[in-house]
Amino acid sequence: MGGSVKVLKNTFGFKPRFDIKDGKLVLIKNIIDEESKFNEYENYLGDIQDKDYFYLTKFRDEMIRFPCLFHTLKKPSRNLPLIGMLLFSKLFDKDGVMNERIRNYCLMKIMNINKILRYRLFQDKYAKDIFIGIVDKFIELAKRKNFKPVFLLTPQKDDILFIKQKGHYYNHFIEKIKERVFTIDITEQLLSARNLDRLYSDDYVYGGHYSRVGNKLVADFIYKALKENQYLNKRTEEEASFNKI
């Protein structure tokens with residue numbers, strides 16, 4: 001039910017999610033399933049928040065609300081630098097000369113916190129059980145629809161930098177996925193890259209999108225893995241060969 005908070009220009013949105021009970025996935029349907037409800041979402045916030053994992057474990061604790069001082073000091077290492085930067089921009093940067101640098105500082109502060117959360121999710125049994133349950137559901141769908149399932153992992157730049165500094169934090173989980181379904185993991189390719197920045201399209205450490213060079217590297221690796229494991233039909237191979245001309 002994520003997306004109940006507007007962060008970094010993200011569009012306001014709602015979506016269903018899964019819970020897990022007695023080892024089985026349980027679908028929590030989207031409460032906002034009609035346009036009229038979207039326009040009156042305030043009436044449904046209580047139910048949405050009660051079922052939003054990230055609201056309960058992250059956003060609620062980060063919100064600065066009354067009593068403001070108490071909630072600010074609950075997360076001092078996060079809130080005080082962000083508030084300090086905001087005050088600085090209001091008092092000493094009225095012309096907006098430092099806007100980009102201040103924005104980048106705040107963005108990286110938030111992204112570093114999110115990176116730690118991402119790391120913890122791969123250590124969390126509840127989160128891992130849901131992830132594996134969704135993969136198993138995908139495999140069941142593939143059998144019913146008669147197609148070959150493939151699990152593809154394409155990490156962000158900050159994932160790769162984190163692994164280089166702290167060690168691999170999701171490899172043990174990916175090994176479990178490999179036991180279930182054919183898996184293509186781009187991590188090792190990116191770890192061995194000489195110029196990681198060249199493979200991503202933005203200048204931030206976050207690195208959420210690949211550049212033209214990065215997309216080419218990933219596409220070639222996927223194609224090779226699919227071909228070596230006989231996941232391509234003749235028509236697909238002919239099209240791929242034609243596109244290389």
# chains A, B, ... in the order shown; residues from 1 in each chain; ligands from 1
>>> select_by_dssp(residues="region 28-236 of chain A", states="alpha helix (DSSP H)", output="PyMOL selection string")
chain A and resi 35-39+45-50+53-54+60-62+68-74+76-92+99-121+125-145+157-166+171-178+187-191+212-228+234-236
>>> residues_around(residues="region 194-202 of chain A", least_positions_apart="5", cutoff="10 Å", atoms="only C-alpha atoms", output="PyMOL selection string")
chain A and resi 156-157+160-161+207-218
>>> write_last_selection(atoms="C-alpha atoms", output="mmCIF file, in the first residue's frame")
data_model
loop_
_atom_site.group_PDB
_atom_site.id
_atom_site.type_symbol
_atom_site.label_atom_id
_atom_site.label_comp_id
_atom_site.auth_asym_id
_atom_site.auth_seq_id
_atom_site.Cartn_x
_atom_site.Cartn_y
_atom_site.Cartn_z
ATOM 1 C CA GLN A 156 21.890 0.148 -8.390
ATOM 2 C CA LYS A 157 25.239 1.900 -8.210
ATOM 3 C CA ILE A 160 27.722 -2.008 -5.810
ATOM 4 C CA LEU A 161 29.588 0.647 -3.812
ATOM 5 C CA GLY A 207 22.598 5.360 -9.560
ATOM 6 C CA GLY A 208 19.053 4.204 -10.249
ATOM 7 C CA HIS A 209 19.254 4.159 -14.054
ATOM 8 C CA TYR A 210 21.793 2.767 -16.509
ATOM 9 C CA SER A 211 23.438 4.863 -19.196
ATOM 10 C CA ARG A 212 23.562 3.865 -22.854
ATOM 11 C CA VAL A 213 26.846 2.054 -22.170
ATOM 12 C CA GLY A 214 25.389 0.405 -19.067
ATOM 13 C CA ASN A 215 22.271 -0.738 -20.885
ATOM 14 C CA LYS A 216 24.438 -2.244 -23.640
ATOM 15 C CA LEU A 217 26.553 -4.144 -21.103
ATOM 16 C CA VAL A 218 23.475 -5.448 -19.281
#
>>> closest_residue(among="A:Arg17, A:His172, A:Arg118, A:Lys143", to="Pro155 (chain A)", atoms="only C-alpha atoms")
A:Arg118
>>> residues_around(residues="region 51-62 of chain A", least_positions_apart="6", cutoff="12 Å", atoms="only C-alpha atoms", output="PyMOL selection string")
chain A and resi 1-7+14-19+27-31+44-45+68+70-80+82+110+113-114+116-118+120-121+126-127
>>> write_last_selection(atoms="N, CA and C atoms", output="compact mmCIF listing (two decimals), in the first residue's frame")
# COMPACT_ATOMS: atom_id res chain seq x y z
N MET A 1 0.84 -1.18 0.00
CA MET A 1 0.00 0.00 0.00
C MET A 1 0.88 1.24 0.00
N GLY A 2 2.12 1.02 -0.44
CA GLY A 2 3.13 2.07 -0.38
C GLY A 2 2.77 3.27 -1.22
N GLY A 3 3.54 4.32 -1.06
CA GLY A 3 3.30 5.51 -1.85
C GLY A 3 2.38 6.50 -1.17
N SER A 4 2.17 6.33 0.17
CA SER A 4 1.27 7.25 0.85
C SER A 4 1.97 8.51 1.31
N VAL A 5 3.24 8.67 0.94
CA VAL A 5 3.98 9.88 1.27
C VAL A 5 4.64 10.40 0.00
N LYS A 6 4.58 11.71 -0.23
CA LYS A 6 5.20 12.29 -1.41
C LYS A 6 6.65 12.63 -1.08
N VAL A 7 7.59 11.94 -1.72
CA VAL A 7 9.01 12.12 -1.43
C VAL A 7 9.77 12.32 -2.73
N PHE A 14 -0.98 4.52 -4.90
CA PHE A 14 -1.28 3.42 -4.00
C PHE A 14 -1.21 2.12 -4.79
N LYS A 15 -0.87 1.05 -4.11
CA LYS A 15 -0.78 -0.25 -4.78
C LYS A 15 -1.01 -1.36 -3.77
N PRO A 16 -1.43 -2.53 -4.25
CA PRO A 16 -1.62 -3.67 -3.34
C PRO A 16 -0.27 -4.23 -2.90
N ARG A 17 -0.28 -5.07 -1.88
CA ARG A 17 0.94 -5.72 -1.43
C ARG A 17 0.58 -7.07 -0.84
N PHE A 18 1.61 -7.84 -0.51
CA PHE A 18 1.40 -9.14 0.08
C PHE A 18 1.79 -9.14 1.55
N ASP A 19 1.10 -9.97 2.32
CA ASP A 19 1.50 -10.33 3.66
C ASP A 19 1.77 -11.83 3.63
N LEU A 27 -2.81 -11.78 -0.22
CA LEU A 27 -2.88 -10.51 -0.94
C LEU A 27 -3.68 -9.50 -0.14
N ILE A 28 -3.07 -8.35 0.11
CA ILE A 28 -3.79 -7.21 0.71
C ILE A 28 -4.20 -6.31 -0.45
N LYS A 29 -5.46 -6.32 -0.75
CA LYS A 29 -5.94 -5.60 -1.93
C LYS A 29 -5.78 -4.09 -1.75
N ASN A 30 -5.71 -3.42 -2.88
CA ASN A 30 -5.58 -1.96 -2.89
C ASN A 30 -6.86 -1.33 -2.36
N ILE A 31 -6.75 -0.59 -1.26
CA ILE A 31 -7.91 0.09 -0.70
C ILE A 31 -8.40 1.19 -1.64
N TYR A 44 -9.43 7.26 4.03
CA TYR A 44 -8.95 5.88 4.09
C TYR A 44 -7.54 5.77 4.67
N LEU A 45 -6.99 6.89 5.12
CA LEU A 45 -5.59 6.90 5.55
C LEU A 45 -5.33 5.93 6.70
N CYS A 68 6.90 18.61 18.25
CA CYS A 68 7.93 18.66 17.22
C CYS A 68 9.33 18.38 17.76
N PHE A 70 10.29 16.63 20.33
CA PHE A 70 10.42 15.21 20.67
C PHE A 70 10.67 14.38 19.42
N HIS A 71 9.87 14.59 18.39
CA HIS A 71 10.00 13.79 17.16
C HIS A 71 11.26 14.16 16.38
N THR A 72 11.71 15.41 16.49
CA THR A 72 12.98 15.79 15.85
C THR A 72 14.14 15.04 16.48
N LEU A 73 14.13 14.96 17.81
CA LEU A 73 15.24 14.33 18.54
C LEU A 73 15.15 12.81 18.55
N LYS A 74 14.05 12.26 18.06
CA LYS A 74 13.96 10.79 17.93
C LYS A 74 14.94 10.29 16.88
N LYS A 75 15.16 11.11 15.85
CA LYS A 75 16.09 10.76 14.76
C LYS A 75 17.06 11.93 14.56
N PRO A 76 17.88 12.25 15.56
CA PRO A 76 18.72 13.46 15.48
C PRO A 76 19.73 13.43 14.35
N SER A 77 20.33 12.28 14.06
CA SER A 77 21.36 12.21 13.02
C SER A 77 20.76 12.44 11.63
N ARG A 78 19.47 12.23 11.49
CA ARG A 78 18.78 12.49 10.23
C ARG A 78 18.20 13.90 10.21
N ASN A 79 17.41 14.22 11.24
CA ASN A 79 16.60 15.43 11.22
C ASN A 79 17.40 16.72 11.40
N LEU A 80 18.37 16.72 12.31
CA LEU A 80 19.09 17.96 12.59
C LEU A 80 19.89 18.47 11.39
N LEU A 82 19.26 17.89 8.21
CA LEU A 82 18.31 18.31 7.17
C LEU A 82 17.66 19.65 7.53
N ILE A 110 19.28 11.17 2.82
CA ILE A 110 18.11 10.29 2.82
C ILE A 110 18.44 8.96 2.16
N ILE A 113 20.35 6.59 4.40
CA ILE A 113 19.45 5.95 5.37
C ILE A 113 18.67 4.83 4.71
N ASN A 114 18.17 5.09 3.50
CA ASN A 114 17.42 4.07 2.77
C ASN A 114 18.28 2.86 2.44
N ILE A 116 20.70 1.61 4.26
CA ILE A 116 20.78 0.77 5.46
C ILE A 116 19.49 -0.03 5.62
N LEU A 117 18.35 0.59 5.34
CA LEU A 117 17.08 -0.12 5.40
C LEU A 117 17.06 -1.27 4.40
N ARG A 118 17.56 -1.01 3.19
CA ARG A 118 17.63 -2.06 2.15
C ARG A 118 18.48 -3.24 2.62
N ARG A 120 19.04 -4.13 5.72
CA ARG A 120 18.34 -4.84 6.80
C ARG A 120 17.21 -5.72 6.28
N LEU A 121 16.57 -5.28 5.19
CA LEU A 121 15.49 -6.08 4.62
C LEU A 121 15.98 -7.45 4.17
N TYR A 126 10.85 -11.99 7.71
CA TYR A 126 9.53 -11.66 7.18
C TYR A 126 9.63 -11.15 5.75
N ALA A 127 10.55 -10.21 5.51
CA ALA A 127 10.71 -9.64 4.17
C ALA A 127 11.19 -10.70 3.19
>>> select_by_dssp(residues="region 4-223 of chain A", states="strand (DSSP E or B)", output="number ranges by chain")
A: 17-21, 24-28, 150-153, 182-185, 200, 210
>>> residues_around(residues="Lys24 (chain A)", least_positions_apart="2", cutoff="10 Å", atoms="only C-alpha atoms", output="list in words")
Phe18, Asp19, Ile20, Lys21, Asp22, Val26, Leu27, Asp129, Ile130, Gly133 and Ile134 of chain A
>>> write_last_selection(atoms="N, CA and C atoms", output="short mmCIF file (atom, residue, chain, number, x, y, z; two decimals), in the first residue's frame")
data_model
loop_
_atom_site.label_atom_id
_atom_site.label_comp_id
_atom_site.auth_asym_id
_atom_site.auth_seq_id
_atom_site.Cartn_x
_atom_site.Cartn_y
_atom_site.Cartn_z
N PHE A 18 1.61 -7.84 -0.51
CA PHE A 18 1.40 -9.14 0.08
C PHE A 18 1.79 -9.14 1.55
N ASP A 19 1.10 -9.97 2.32
CA ASP A 19 1.50 -10.33 3.66
C ASP A 19 1.77 -11.83 3.63
N ILE A 20 2.31 -12.38 4.68
CA ILE A 20 2.53 -13.82 4.74
C ILE A 20 2.02 -14.36 6.07
N LYS A 21 1.17 -15.37 5.99
CA LYS A 21 0.59 -15.98 7.18
C LYS A 21 0.64 -17.49 7.04
N ASP A 22 1.15 -18.15 8.08
CA ASP A 22 1.29 -19.60 8.07
C ASP A 22 2.07 -20.09 6.85
N VAL A 26 -0.57 -13.81 1.36
CA VAL A 26 -1.94 -13.31 1.46
C VAL A 26 -1.96 -11.94 0.79
N LEU A 27 -2.81 -11.78 -0.22
CA LEU A 27 -2.88 -10.51 -0.94
C LEU A 27 -3.68 -9.50 -0.14
N ASP A 129 10.79 -13.99 3.38
CA ASP A 129 9.73 -14.97 3.13
C ASP A 129 8.72 -14.46 2.11
N ILE A 130 8.39 -13.16 2.20
CA ILE A 130 7.47 -12.57 1.22
C ILE A 130 8.10 -12.56 -0.17
N GLY A 133 8.13 -15.97 -1.53
CA GLY A 133 6.76 -16.34 -1.85
C GLY A 133 6.30 -15.75 -3.17
N ILE A 134 6.69 -14.51 -3.46
CA ILE A 134 6.32 -13.86 -4.72
C ILE A 134 7.03 -14.55 -5.89
#
>>> closest_residue(among="A:Glu179, A:Lys137, A:Leu153, A:Ile83", to="Lys109 (chain A)", atoms="only C-alpha atoms")
A:Ile83
>>> closest_residue(among="A:Tyr105, A:Phe173, A:Tyr119, A:Phe162", to="Ile132 (chain A)", atoms="only C-alpha atoms")
A:Phe173
>>> residues_around(residues="region 226-234 of chain A", least_positions_apart="6", cutoff="9 Å", atoms="only C-alpha atoms", output="mmCIF file with C-alpha atoms, in the first residue's frame")
data_model
loop_
_atom_site.group_PDB
_atom_site.id
_atom_site.type_symbol
_atom_site.label_atom_id
_atom_site.label_comp_id
_atom_site.auth_asym_id
_atom_site.auth_seq_id
_atom_site.Cartn_x
_atom_site.Cartn_y
_atom_site.Cartn_z
ATOM 1 C CA LYS A 148 10.031 -20.102 -18.950
ATOM 2 C CA PHE A 182 16.896 -19.601 -13.582
ATOM 3 C CA ILE A 184 20.577 -13.725 -14.088
#
>>> atom_distance(atom1="CA of Val135 (chain A)", atom2="CA of Asn171 (chain A)")
16.1 Å
